[in-house]
>>> print(open('upload.txt').read())   # compact mmCIF, C-alpha atoms
# COMPACT_ATOMS: atom_id res chain seq x y z
CA MET A 1 0.00 0.00 0.00
CA HIS A 2 1.14 3.50 -0.81
CA PRO A 3 2.62 5.12 2.38
CA LEU A 4 0.22 8.09 2.18
CA ARG A 5 -2.81 5.81 1.92
CA LYS A 6 -1.48 3.67 4.74
CA ARG A 7 -1.20 6.77 6.92
CA ARG A 8 -4.78 7.77 6.10
CA LEU A 9 -6.00 4.25 6.93
CA ILE A 10 -4.19 4.32 10.29
CA LEU A 11 -5.63 7.77 11.05
CA ILE A 12 -9.16 6.52 10.33
CA ILE A 13 -8.68 3.47 12.54
CA ILE A 14 -7.31 5.63 15.39
CA MET A 15 -10.26 8.01 15.00
CA ILE A 16 -12.83 5.20 15.19
CA ILE A 17 -11.13 3.61 18.22
CA GLY A 18 -10.98 7.02 19.92
CA VAL A 19 -14.63 7.80 19.33
CA ALA A 20 -15.68 4.31 20.40
CA THR A 21 -13.67 4.53 23.64
CA ALA A 22 -15.05 7.97 24.50
CA THR A 23 -18.61 6.81 23.81
CA GLY A 24 -18.01 3.66 25.81
CA PHE A 25 -16.89 5.66 28.86
CA ALA A 26 -19.81 8.07 28.53
CA LEU A 27 -22.35 5.25 28.27
CA THR A 28 -20.86 3.42 31.26
CA ALA A 29 -21.01 6.62 33.30
CA PHE A 30 -24.66 7.16 32.44
CA ASN A 31 -25.54 3.47 32.59
CA GLN A 32 -28.19 3.93 35.27
CA ASN A 33 -29.90 6.78 33.39
CA LEU A 34 -30.12 4.68 30.24
CA MET A 35 -32.16 2.04 32.02
CA PHE A 36 -35.75 2.47 31.00
CA PHE A 37 -37.17 0.80 34.10
CA PHE A 38 -36.29 -0.67 37.51
CA SER A 39 -37.04 -4.25 38.46
CA PRO A 40 -39.04 -5.02 41.63
CA SER A 41 -35.75 -6.19 43.24
CA ASP A 42 -34.16 -2.79 42.49
CA VAL A 43 -37.16 -1.02 44.00
CA GLN A 44 -37.09 -3.10 47.18
CA ALA A 45 -33.34 -2.56 47.46
CA GLY A 46 -34.07 1.18 47.50
CA LYS A 47 -32.47 1.95 44.13
CA ALA A 48 -35.56 3.68 42.77
CA PRO A 49 -36.03 7.41 43.46
CA GLU A 50 -38.41 8.43 46.26
CA ASN A 51 -41.25 10.92 45.70
CA ARG A 52 -40.51 11.01 42.03
CA LEU A 53 -42.06 9.20 39.07
CA PHE A 54 -40.13 6.17 37.88
CA ARG A 55 -40.80 3.09 35.82
CA MET A 56 -40.94 -0.45 37.12
CA GLY A 57 -41.02 -3.48 34.85
CA GLY A 58 -41.64 -7.17 35.36
CA ILE A 59 -43.93 -10.10 34.71
CA VAL A 60 -47.53 -10.03 35.91
CA VAL A 61 -47.83 -12.78 38.54
CA ASP A 62 -50.33 -15.52 37.65
CA GLY A 63 -53.57 -15.18 39.58
CA SER A 64 -52.66 -11.82 41.11
CA VAL A 65 -54.93 -9.57 39.02
CA LYS A 66 -57.85 -8.19 41.07
CA ARG A 67 -60.38 -5.83 39.57
CA SER A 68 -62.74 -3.48 41.36
CA ASP A 69 -66.45 -4.15 40.83
CA THR A 70 -67.43 -0.50 40.66
CA ASN A 71 -64.71 1.28 38.71
CA THR A 72 -61.63 0.61 36.54
CA ASP A 73 -59.26 0.16 39.49
CA VAL A 74 -57.06 -2.89 39.13
CA TRP A 75 -54.41 -4.42 41.40
CA PHE A 76 -51.78 -6.87 40.34
CA ASP A 77 -48.33 -8.09 41.38
CA ILE A 78 -45.33 -7.89 39.10
CA THR A 79 -42.16 -9.88 39.62
CA ASP A 80 -38.66 -10.32 38.21
CA ASN A 81 -38.73 -13.90 39.52
CA GLU A 82 -36.96 -12.78 42.69
CA LYS A 83 -39.09 -10.12 44.38
CA ALA A 84 -42.68 -9.06 43.72
CA MET A 85 -44.40 -5.69 44.10
CA THR A 86 -48.08 -4.82 44.13
CA VAL A 87 -49.21 -2.28 41.55
CA LYS A 88 -52.44 -0.29 41.64
CA TYR A 89 -53.71 1.24 38.43
CA SER A 90 -56.93 2.79 37.34
CA GLY A 91 -57.61 3.04 33.66
CA ILE A 92 -57.69 0.95 30.54
CA LEU A 93 -54.97 -1.68 30.25
CA PRO A 94 -53.26 -2.37 26.89
CA ASP A 95 -54.50 -5.31 24.79
CA LEU A 96 -51.46 -7.42 25.53
CA PHE A 97 -51.87 -7.07 29.31
CA ARG A 98 -52.44 -10.50 30.81
CA GLU A 99 -51.06 -12.71 33.54
CA GLY A 100 -47.58 -13.94 32.73
CA GLN A 101 -46.98 -11.00 30.39
CA GLY A 102 -44.07 -8.58 30.74
CA ILE A 103 -45.21 -5.02 31.44
CA ILE A 104 -43.74 -1.65 32.35
CA THR A 105 -45.52 0.74 34.68
CA LYS A 106 -44.80 4.37 35.45
CA GLY A 107 -45.72 5.79 38.84
CA LYS A 108 -44.74 6.34 42.48
CA LEU A 109 -44.60 4.36 45.69
CA ASN A 110 -47.20 5.25 48.32
CA ALA A 111 -46.78 5.06 52.09
CA LYS A 112 -47.99 1.45 52.19
CA GLY A 113 -45.29 0.43 49.73
CA GLU A 114 -47.76 -0.08 46.91
CA PHE A 115 -46.81 1.17 43.48
CA ILE A 116 -49.43 3.62 42.21
CA ALA A 117 -49.19 3.47 38.42
CA GLU A 118 -50.17 6.28 36.09
CA GLU A 119 -49.35 4.37 32.94
CA VAL A 120 -49.11 0.70 32.04
CA LEU A 121 -47.28 -0.43 28.90
CA ALA A 122 -47.17 -4.00 27.65
CA LYS A 123 -43.75 -5.35 26.72
CA HIS A 124 -44.11 -8.07 24.16
CA ASP A 125 -41.41 -10.72 23.87
CA GLU A 126 -39.22 -11.63 20.93
CA ASN A 127 -41.09 -14.87 20.18
CA TYR A 128 -43.43 -15.15 17.24
CA MET A 129 -45.45 -18.30 16.67
CA PRO A 130 -48.89 -19.42 15.57
CA PRO A 131 -51.47 -20.04 18.35
CA GLU A 132 -51.43 -23.81 17.95
CA VAL A 133 -47.67 -23.92 18.52
CA ALA A 134 -48.02 -21.68 21.58
CA ALA A 135 -50.70 -24.02 22.92
CA THR A 136 -48.44 -27.06 22.52
CA MET A 137 -45.54 -25.31 24.20
CA LYS A 138 -47.64 -24.47 27.26
CA LYS A 139 -48.42 -28.14 27.89
CA LYS A 140 -46.23 -29.87 30.40
CA PRO A 141 -44.33 -33.03 29.39
CA THR A 142 -46.75 -35.16 31.45
CA GLU A 143 -49.65 -33.98 29.33
CA TYR A 144 -47.95 -35.36 26.25
CA ILE A 145 -47.83 -38.77 27.90
CA LYS A 146 -51.55 -38.61 28.69
CA GLU A 147 -52.50 -37.94 25.09
CA MET B 1 -7.33 -10.03 -9.69
CA ILE B 2 -9.68 -8.62 -7.01
CA MET B 3 -7.64 -5.44 -6.76
CA ARG B 4 -7.80 -5.05 -10.55
CA PHE B 5 -11.60 -5.40 -10.40
CA ILE B 6 -11.81 -2.72 -7.69
CA TYR B 7 -9.62 -0.37 -9.71
CA GLN B 8 -11.75 -1.02 -12.78
CA LEU B 9 -14.91 -0.37 -10.77
CA GLY B 10 -13.39 2.93 -9.72
CA SER B 11 -13.24 4.04 -13.34
CA PRO B 12 -16.42 6.01 -14.17
CA PRO B 13 -17.08 4.65 -17.72
CA TYR B 14 -16.63 1.06 -16.53
CA PHE B 15 -18.89 1.61 -13.52
CA TYR B 16 -21.52 3.23 -15.73
CA ALA B 17 -21.50 0.39 -18.25
CA LEU B 18 -21.46 -2.40 -15.64
CA SER B 19 -24.24 -0.89 -13.53
CA GLY B 20 -26.33 -0.42 -16.68
CA ARG B 21 -26.03 -4.12 -17.47
CA LEU B 22 -26.79 -5.14 -13.85
CA LEU B 23 -29.88 -3.00 -13.30
CA PRO B 24 -32.46 -5.05 -15.29
CA TRP B 25 -31.38 -8.22 -13.46
CA LEU B 26 -31.48 -6.55 -10.08
CA THR B 27 -34.94 -5.16 -10.80
CA GLY B 28 -36.26 -8.56 -11.89
CA ILE B 29 -34.92 -10.36 -8.82
CA CYS B 30 -36.14 -7.57 -6.54
CA LEU B 31 -39.70 -7.78 -7.90
CA ILE B 32 -39.78 -11.57 -7.50
CA LEU B 33 -38.47 -11.30 -3.92
CA PHE B 34 -41.02 -8.65 -2.96
CA ALA B 35 -43.87 -10.63 -4.54
CA THR B 36 -42.97 -13.92 -2.81
CA GLY B 37 -42.05 -12.20 0.46
CA LEU B 38 -45.28 -10.22 0.65
CA TYR B 39 -47.43 -13.20 -0.34
CA GLY B 40 -45.67 -15.40 2.20
CA GLY B 41 -45.87 -12.80 4.92
CA LEU B 42 -49.37 -11.47 4.42
CA VAL B 43 -51.15 -14.63 3.20
CA LEU B 44 -49.25 -17.83 4.00
CA ALA B 45 -47.75 -17.01 7.40
CA PRO B 46 -50.00 -17.87 10.36
CA ALA B 47 -51.21 -15.19 12.78
CA ASP B 48 -49.17 -14.69 15.95
CA TYR B 49 -50.36 -16.31 19.23
CA GLN B 50 -50.33 -12.97 21.05
CA GLN B 51 -50.51 -10.21 18.49
CA GLY B 52 -52.77 -11.85 15.92
CA ASP B 53 -52.54 -10.33 12.46
CA SER B 54 -51.01 -7.08 13.72
CA PHE B 55 -47.61 -8.73 13.90
CA ARG B 56 -47.50 -8.67 10.07
CA ILE B 57 -46.14 -5.13 10.16
CA ILE B 58 -42.88 -6.94 11.02
CA TYR B 59 -42.45 -7.56 7.27
CA ILE B 60 -41.85 -3.84 6.74
CA HIS B 61 -40.57 -2.72 10.12
CA VAL B 62 -37.75 -5.21 10.63
CA PRO B 63 -36.32 -5.09 7.06
CA ALA B 64 -36.46 -1.28 7.17
CA ALA B 65 -34.68 -1.21 10.52
CA TRP B 66 -32.01 -3.64 9.31
CA MET B 67 -31.56 -1.55 6.16
CA SER B 68 -31.18 1.63 8.19
CA MET B 69 -28.07 0.07 9.76
CA PHE B 70 -26.87 -1.77 6.66
CA VAL B 71 -26.98 1.35 4.48
CA TYR B 72 -25.10 3.25 7.18
CA MET B 73 -22.34 0.62 7.15
CA VAL B 74 -22.14 0.82 3.33
CA MET B 75 -21.95 4.60 3.67
CA ALA B 76 -19.17 4.46 6.26
CA PHE B 77 -17.24 1.87 4.25
CA SER B 78 -17.49 4.01 1.09
CA GLY B 79 -16.42 6.93 3.24
CA ALA B 80 -13.26 5.10 4.28
CA MET B 81 -12.57 4.17 0.64
CA ALA B 82 -13.11 7.78 -0.40
CA LEU B 83 -10.77 9.07 2.30
CA ILE B 84 -7.97 6.56 1.72
CA TRP B 85 -8.02 6.06 -2.05
CA ARG B 86 -9.91 9.21 -3.14
CA ILE B 87 -12.10 7.08 -5.42
CA LYS B 88 -14.78 9.21 -7.04
CA ILE B 89 -17.30 6.34 -7.25
CA ALA B 90 -16.93 5.74 -3.50
CA GLU B 91 -17.74 9.40 -2.85
CA ILE B 92 -20.83 9.12 -5.05
CA ILE B 93 -22.02 5.91 -3.36
CA LEU B 94 -21.42 7.54 0.04
CA ILE B 95 -23.61 10.57 -0.50
CA ASN B 96 -26.29 8.85 -2.57
CA SER B 97 -26.74 6.22 0.13
CA ALA B 98 -27.55 8.87 2.72
CA HIS B 99 -30.96 9.77 1.27
CA ILE B 100 -31.98 6.12 1.02
CA GLY B 101 -30.71 5.33 4.51
CA ALA B 102 -32.62 8.28 5.94
CA VAL B 103 -35.82 7.03 4.28
CA PHE B 104 -35.35 3.51 5.68
CA THR B 105 -34.67 4.91 9.16
CA PHE B 106 -37.77 7.10 8.97
CA LEU B 107 -39.80 4.11 7.80
CA ALA B 108 -38.50 1.98 10.68
CA LEU B 109 -39.40 4.68 13.20
CA VAL B 110 -42.88 5.29 11.77
CA THR B 111 -43.83 1.62 11.39
CA GLY B 112 -42.43 0.96 14.86
CA SER B 113 -44.59 3.73 16.24
CA ILE B 114 -47.70 2.39 14.49
CA TRP B 115 -46.89 -1.06 15.89
CA GLY B 116 -46.17 0.29 19.35
CA LYS B 117 -49.50 2.02 19.86
CA PRO B 118 -51.73 -1.09 19.85
CA MET B 119 -49.16 -3.51 21.34
CA TRP B 120 -47.28 -1.53 23.95
CA GLY B 121 -49.92 1.13 24.48
CA THR B 122 -47.76 4.06 23.39
CA TRP B 123 -46.55 5.70 20.18
CA TRP B 124 -43.15 6.59 21.53
CA VAL B 125 -40.95 6.15 24.61
CA TRP B 126 -37.42 7.37 25.20
CA ASP B 127 -35.88 3.96 25.72
CA ALA B 128 -32.37 3.16 24.52
CA ARG B 129 -33.41 1.36 21.30
CA LEU B 130 -35.85 3.99 20.08
CA THR B 131 -33.59 6.88 21.01
CA SER B 132 -30.49 5.45 19.33
CA GLU B 133 -32.50 4.77 16.16
CA LEU B 134 -33.72 8.38 16.20
CA LEU B 135 -30.09 9.45 16.59
CA LEU B 136 -29.32 7.45 13.43
CA LEU B 137 -31.92 9.48 11.53
CA PHE B 138 -30.23 12.69 12.73
CA LEU B 139 -26.84 11.31 11.63
CA TYR B 140 -28.20 10.75 8.12
CA LEU B 141 -29.74 14.22 8.07
CA GLY B 142 -26.45 15.66 9.36
CA VAL B 143 -24.56 13.94 6.54
CA LEU B 144 -26.96 15.40 3.97
CA ALA B 145 -26.84 18.88 5.49
CA LEU B 146 -23.04 18.92 5.70
CA TYR B 147 -22.75 17.74 2.12
CA SER B 148 -24.97 20.49 0.76
CA ALA B 149 -23.22 23.13 2.89
CA ILE B 150 -19.90 22.70 1.04
CA ASP B 151 -19.75 23.81 -2.59
CA ASP B 152 -16.72 21.82 -3.67
CA LYS B 153 -18.33 18.37 -3.86
CA ARG B 154 -15.03 16.47 -3.63
CA LYS B 155 -14.14 18.31 -0.41
CA ALA B 156 -17.73 17.89 0.78
CA ALA B 157 -17.50 14.13 0.27
CA ARG B 158 -14.37 13.95 2.44
CA ALA B 159 -15.96 15.99 5.23
CA VAL B 160 -19.07 13.82 5.07
CA ALA B 161 -16.94 10.65 5.11
CA ILE B 162 -15.41 11.69 8.44
CA LEU B 163 -18.85 12.40 9.93
CA ALA B 164 -20.14 9.05 8.65
CA LEU B 165 -17.16 7.22 10.19
CA VAL B 166 -17.59 8.94 13.55
CA GLY B 167 -21.26 7.95 13.53
CA VAL B 168 -20.42 4.26 13.06
CA VAL B 169 -20.14 4.02 16.84
CA ASN B 170 -23.95 4.31 17.00
CA ILE B 171 -24.54 1.11 15.00
CA PRO B 172 -23.47 -1.41 17.68
CA ILE B 173 -25.29 0.75 20.25
CA ILE B 174 -28.54 0.37 18.30
CA HIS B 175 -28.04 -3.36 17.97
CA TYR B 176 -27.06 -4.08 21.57
CA SER B 177 -29.24 -1.42 23.23
CA VAL B 178 -31.90 -4.02 23.99
CA GLU B 179 -29.35 -6.25 25.72
CA TRP B 180 -27.23 -3.69 27.57
CA TRP B 181 -30.08 -1.70 29.07
CA SER B 182 -33.64 -2.38 30.09
CA THR B 183 -35.88 -1.18 27.28
CA LEU B 184 -39.51 -1.35 26.25
CA HIS B 185 -38.41 -2.76 22.91
CA GLN B 186 -37.98 -6.53 23.07
CA GLY B 187 -34.70 -8.34 22.49
CA PRO B 188 -33.47 -9.69 19.13
CA THR B 189 -35.52 -12.46 17.51
CA ILE B 190 -33.18 -13.45 14.68
CA THR B 191 -29.81 -11.71 15.00
CA LYS B 192 -28.60 -13.64 18.02
CA PHE B 193 -26.51 -16.75 18.63
CA ASP B 194 -29.51 -18.93 19.55
CA ALA B 195 -31.90 -20.28 16.96
CA PRO B 196 -34.37 -17.60 15.81
CA SER B 197 -37.39 -17.49 18.14
CA ILE B 198 -39.89 -17.19 15.31
CA ASP B 199 -41.88 -19.87 13.55
CA THR B 200 -40.30 -21.00 10.24
CA ARG B 201 -43.40 -20.09 8.23
CA MET B 202 -43.10 -16.54 9.58
CA LEU B 203 -39.30 -16.43 9.31
CA ILE B 204 -38.90 -17.32 5.62
CA PRO B 205 -41.04 -14.42 4.28
CA LEU B 206 -39.22 -12.09 6.67
CA LEU B 207 -35.84 -13.13 5.28
CA LEU B 208 -37.19 -12.82 1.71
CA MET B 209 -38.38 -9.31 2.50
CA ALA B 210 -35.00 -8.46 4.04
CA VAL B 211 -33.17 -9.55 0.88
CA ALA B 212 -35.78 -7.76 -1.29
CA HIS B 213 -35.04 -4.54 0.59
CA LYS B 214 -31.30 -5.03 -0.02
CA PHE B 215 -31.97 -5.33 -3.75
CA LEU B 216 -34.23 -2.28 -3.66
CA TYR B 217 -31.42 -0.31 -2.06
CA ALA B 218 -28.91 -1.58 -4.65
CA ILE B 219 -31.22 -0.51 -7.49
CA VAL B 220 -31.95 2.94 -6.09
CA VAL B 221 -28.33 3.65 -5.15
CA LEU B 222 -27.08 2.58 -8.60
CA LEU B 223 -29.70 4.73 -10.38
CA ARG B 224 -28.82 7.73 -8.23
CA ALA B 225 -25.08 7.12 -8.59
CA ARG B 226 -25.34 6.87 -12.40
CA ASN B 227 -27.19 10.18 -12.55
CA ASP B 228 -24.75 11.87 -10.23
CA LEU B 229 -21.80 10.44 -12.16
CA LEU B 230 -23.10 11.70 -15.53
CA TRP B 231 -23.61 15.16 -14.07
CA ARG B 232 -20.15 15.33 -12.51
CA GLU B 233 -18.44 13.98 -15.63
CA ARG B 234 -20.61 15.92 -18.06
CA ARG B 235 -17.58 17.62 -19.61
CA SER B 236 -15.56 14.44 -20.09
CA GLN B 237 -15.03 12.55 -23.32
CA TRP B 238 -16.71 9.28 -22.33
CA VAL B 239 -20.00 11.01 -21.50
CA ALA B 240 -19.84 12.87 -24.79
CA ASN B 241 -19.29 9.58 -26.63
CA LEU B 242 -22.21 8.05 -24.75
CA PHE B 243 -24.67 10.60 -26.06
CA LYS B 244 -23.22 11.10 -29.56
CA GLY B 245 -25.36 8.41 -31.12
CA GLY B 246 -28.65 9.34 -29.44
CA SER B 247 -28.99 13.09 -29.70
>>> encode(input="upload.txt", output="C-alpha cells")
Amino acid sequence: MHPLRKRRLILIIIMIIGVATATGFALTAFNQNLMFFFSPSDVQAGKAPENRLFRMGGIVVDGSVKRSDTNTDVWFDITDNEKAMTVKYSGILPDLFREGQGIITKGKLNAKGEFIAEEVLAKHDENYMPPEVAATMKKKPTEYIKE
Amino acid sequence: MIMRFIYQLGSPPYFYALSGRLLPWLTGICLILFATGLYGGLVLAPADYQQGDSFRIIYIHVPAAWMSMFVYMVMAFSGAMALIWRIKIAEIILINSAHIGAVFTFLALVTGSIWGKPMWGTWWVWDARLTSELLLLFLYLGVLALYSAIDDKRKAARAVAILALVGVVNIPIIHYSVEWWSTLHQGPTITKFDAPSIDTRMLIPLLLMAVAHKFLYAIVVLLRARNDLLWRERRSQWVANLFKGGS
C-alpha cells in the first residue's frame, strides 16, 4: 500500500477507536440513566427514586390480578422472579396485558409500599409463533404422555 | 485479480456500463423477492399467538430497521474508501446512500410507532433502542446537510466521510441497546446466537423481505449514482461519446 494511503488508513482506525472509547466511557457513566425501568428487586433494594415518578417493569404474577367491581381500578403483582411488588392502576390496560406477560408501569410508591401506576405499557417478547404452537408449548411433558 | 476489479470499478465509464447491465437483473430479482415475500408474509404465514394479524407489520418494520443500519455501514465503508483512495465512485455511493438510509430509518421509526401504539400502548418512549434509532436518523440528516453546505463536492465528500465514520459508533449501540439496558423494545428475535425465536413459516417471508429490501437499495443507489456520475463527468469525453449516437 502507498505510504500516504497507509497513513490515512491508520488515522481513520485511530479516530474510530478514539470515538468508540469515548462513547463507551460516557455510556458506562450514564448506565443507570439509560435504564428504561427498575425491576421489583431494584425497587425493594431502594435503588428507585423516592417521591418522584419512575418506571418499574416485570412479569404479571399468575392469579394476582384483582379488579374493582365498581370502577376501573385494578391491582396486580409484578415480579422479576426474585421479588414481587403490588401495583395499583386505574384506567384501561393495553390489549397485551395479561397474567404472565411482561409489562412496564410508570408511577410512584405510596406510604404502604404499593406502586401507584399512572401508565401501564405491555412489553411483548421476541417470540413469534402461531397459536397452535403456543398451545403445545404451554403443555407440560406429562400432558404429552396422557394424550 | 480482485484489486484489478476494484480499480476497474473505480473508473467512471466502466462503472456506468457495468451498472447499466446489472440493473435489469437486479430489478427482476427484486420484484420476485417482494412478490414472494409479501405473499408469504401477508397470506401464508399464520397469525401470531399474542398479536394476531397485527404482527405482520414486522415484514416492513424489521427489514427497514435492518436496512437503516446496513446502508449506514455501506456509507461508512465508502467513506473510508473515499478518504484513503480518493475514489470518485466511493464518494458518489457515500452521498447517494444517505438519502436512502434516511428514508429507511424514517420508515423503521414510523412503522415501529404504528406497531407500538396497539401492542405496547404508546406511540413513543425514550428507551435506549428507540432513542439510538432516532439518533441514526439525525446522523443521516447531518450527513446530507453537511454535504450540501460545502460547494466543492469532492471536499464535501471527504468531510461527510469523516462524519459518517464517527457515527459508526452508533450502530453497535442500536443493535445491543436491547441487551445492555432495560428497554420497552424486546430483544433480538433473529440476529442472536440462539436459533431464531420465530416460527419458520413466519421467518422465511421475513428473510425474503429483508433480501428484497437489499436489492431495492442496490437498485436505487445505482440509479442515483449513475445520474450523479453523468452530471459530474458531463464535460468528459466518455460522456460525450455516450450521447453522440442518441442526440
>>> residues_around(input="upload.txt", residues="segment 116-126 of chain B", least_positions_apart="2", cutoff="10 Å", atoms="only C-alpha atoms", output="PyMOL selection string")
(chain A and resi 34+36+92-97+103-104+119-124) or (chain B and resi 50-51+54-55+109-114+128-132+134+183-185)
>>> atom_distance(input="upload.txt", atom1="atom CA of Pro13 of chain B", atom2="atom CA of His99 of chain B")
24.1 Å
>>> residues_around(input="upload.txt", residues="Ala98 of chain B", least_positions_apart="3", cutoff="9 Å", atoms="all atoms listed in the file", output="ChimeraX atom specification")
/B:71-72,75,93-95,101-103,140-141,143-144
>>> axis_aligned_box(input="upload.txt", around="segment 110-120 of chain B", padding_each_side="4 Å", output="AutoDock Vina command-line options")
--center_x -47.1 --center_y 0.9 --center_z 17.7 --size_x 17.3 --size_y 16.8 --size_z 20.6
>>> closest_residue(input="upload.txt", among="B:Ala164, B:Ala195, B:Val169, B:Met73", to="chain A", atoms="only C-alpha atoms")
B:Val169
>>> residues_around(input="upload.txt", residues="segment 78-83 of chain B", least_positions_apart="6", cutoff="10 Å", atoms="all atoms listed in the file", output="PyMOL selection string")
(chain A and resi 5+8-9+12-13) or (chain B and resi 72+89-95+97+154+157-165)
>>> residues_around(input="upload.txt", residues="Thr105 of chain A", least_positions_apart="4", cutoff="10 Å", atoms="all atoms listed in the file", output="PyMOL selection string")
chain A and resi 37-38+54-58+78+87-89+115-122
>>> interface_residues(input="upload.txt", of="chain B", to="chain A", cutoff="6 Å", atoms="only C-alpha atoms", output="list in words")
Pro46, Ala47, Asp48, Tyr49, Ile84, Trp120, Gly121, Asp127, Val169, Trp181, Ser182, Thr183, Leu184, Gln186, Gly187, Thr189, Ser197, Ile198 and Asp199 of chain B
>>> write_last_selection(input="upload.txt", atoms="C-alpha atoms", output="PDB file, in the frame of the given file")
ATOM      1  CA  PRO B  46     -50.000 -17.870  10.360  1.00  0.00           C
ATOM      2  CA  ALA B  47     -51.210 -15.190  12.780  1.00  0.00           C
ATOM      3  CA  ASP B  48     -49.170 -14.690  15.950  1.00  0.00           C
ATOM      4  CA  TYR B  49     -50.360 -16.310  19.230  1.00  0.00           C
ATOM      5  CA  ILE B  84      -7.970   6.560   1.720  1.00  0.00           C
ATOM      6  CA  TRP B 120     -47.280  -1.530  23.950  1.00  0.00           C
ATOM      7  CA  GLY B 121     -49.920   1.130  24.480  1.00  0.00           C
ATOM      8  CA  ASP B 127     -35.880   3.960  25.720  1.00  0.00           C
ATOM      9  CA  VAL B 169     -20.140   4.020  16.840  1.00  0.00           C
ATOM     10  CA  TRP B 181     -30.080  -1.700  29.070  1.00  0.00           C
ATOM     11  CA  SER B 182     -33.640  -2.380  30.090  1.00  0.00           C
ATOM     12  CA  THR B 183     -35.880  -1.180  27.280  1.00  0.00           C
ATOM     13  CA  LEU B 184     -39.510  -1.350  26.250  1.00  0.00           C
ATOM     14  CA  GLN B 186     -37.980  -6.530  23.070  1.00  0.00           C
ATOM     15  CA  GLY B 187     -34.700  -8.340  22.490  1.00  0.00           C
ATOM     16  CA  THR B 189     -35.520 -12.460  17.510  1.00  0.00           C
ATOM     17  CA  SER B 197     -37.390 -17.490  18.140  1.00  0.00           C
ATOM     18  CA  ILE B 198     -39.890 -17.190  15.310  1.00  0.00           C
ATOM     19  CA  ASP B 199     -41.880 -19.870  13.550  1.00  0.00           C
TER      20      ASP B 199
END
>>> build_atoms(input="upload.txt", residues="segment 113-118 of chain A", atoms="all heavy atoms", output="compact mmCIF listing (two decimals), in the frame of the given file")
# COMPACT_ATOMS: atom_id res chain seq x y z
N GLY A 113 -46.22 1.20 50.54
CA GLY A 113 -45.29 0.43 49.73
C GLY A 113 -45.91 -0.14 48.47
O GLY A 113 -45.32 -0.97 47.80
N GLU A 114 -47.13 0.34 48.17
CA GLU A 114 -47.76 -0.08 46.91
C GLU A 114 -47.29 0.86 45.81
O GLU A 114 -47.04 2.03 46.06
CB GLU A 114 -49.28 0.06 47.00
CG GLU A 114 -49.99 -1.12 47.58
CD GLU A 114 -51.50 -0.87 47.62
OE1 GLU A 114 -51.91 0.31 47.67
OE2 GLU A 114 -52.23 -1.83 47.61
N PHE A 115 -47.22 0.35 44.61
CA PHE A 115 -46.81 1.17 43.48
C PHE A 115 -48.07 1.71 42.80
O PHE A 115 -48.89 0.94 42.32
CB PHE A 115 -45.99 0.33 42.50
CG PHE A 115 -45.34 1.11 41.41
CD1 PHE A 115 -44.14 1.77 41.63
CD2 PHE A 115 -45.92 1.19 40.14
CE1 PHE A 115 -43.52 2.50 40.63
CE2 PHE A 115 -45.31 1.92 39.14
CZ PHE A 115 -44.11 2.56 39.38
N ILE A 116 -48.25 3.03 42.82
CA ILE A 116 -49.43 3.62 42.21
C ILE A 116 -49.06 4.01 40.78
O ILE A 116 -48.29 4.95 40.57
CB ILE A 116 -49.90 4.87 42.99
CG1 ILE A 116 -50.03 4.55 44.47
CG2 ILE A 116 -51.23 5.39 42.42
CD1 ILE A 116 -51.03 3.46 44.81
N ALA A 117 -49.59 3.28 39.81
CA ALA A 117 -49.19 3.47 38.42
C ALA A 117 -50.07 4.50 37.73
O ALA A 117 -51.27 4.56 37.97
CB ALA A 117 -49.26 2.15 37.68
N GLU A 118 -49.43 5.33 36.92
CA GLU A 118 -50.17 6.28 36.09
C GLU A 118 -50.32 5.74 34.67
O GLU A 118 -51.15 6.19 33.91
CB GLU A 118 -49.40 7.60 36.00
CG GLU A 118 -49.36 8.35 37.29
CD GLU A 118 -48.66 9.69 37.12
OE1 GLU A 118 -48.13 9.95 36.02
OE2 GLU A 118 -48.64 10.45 38.08
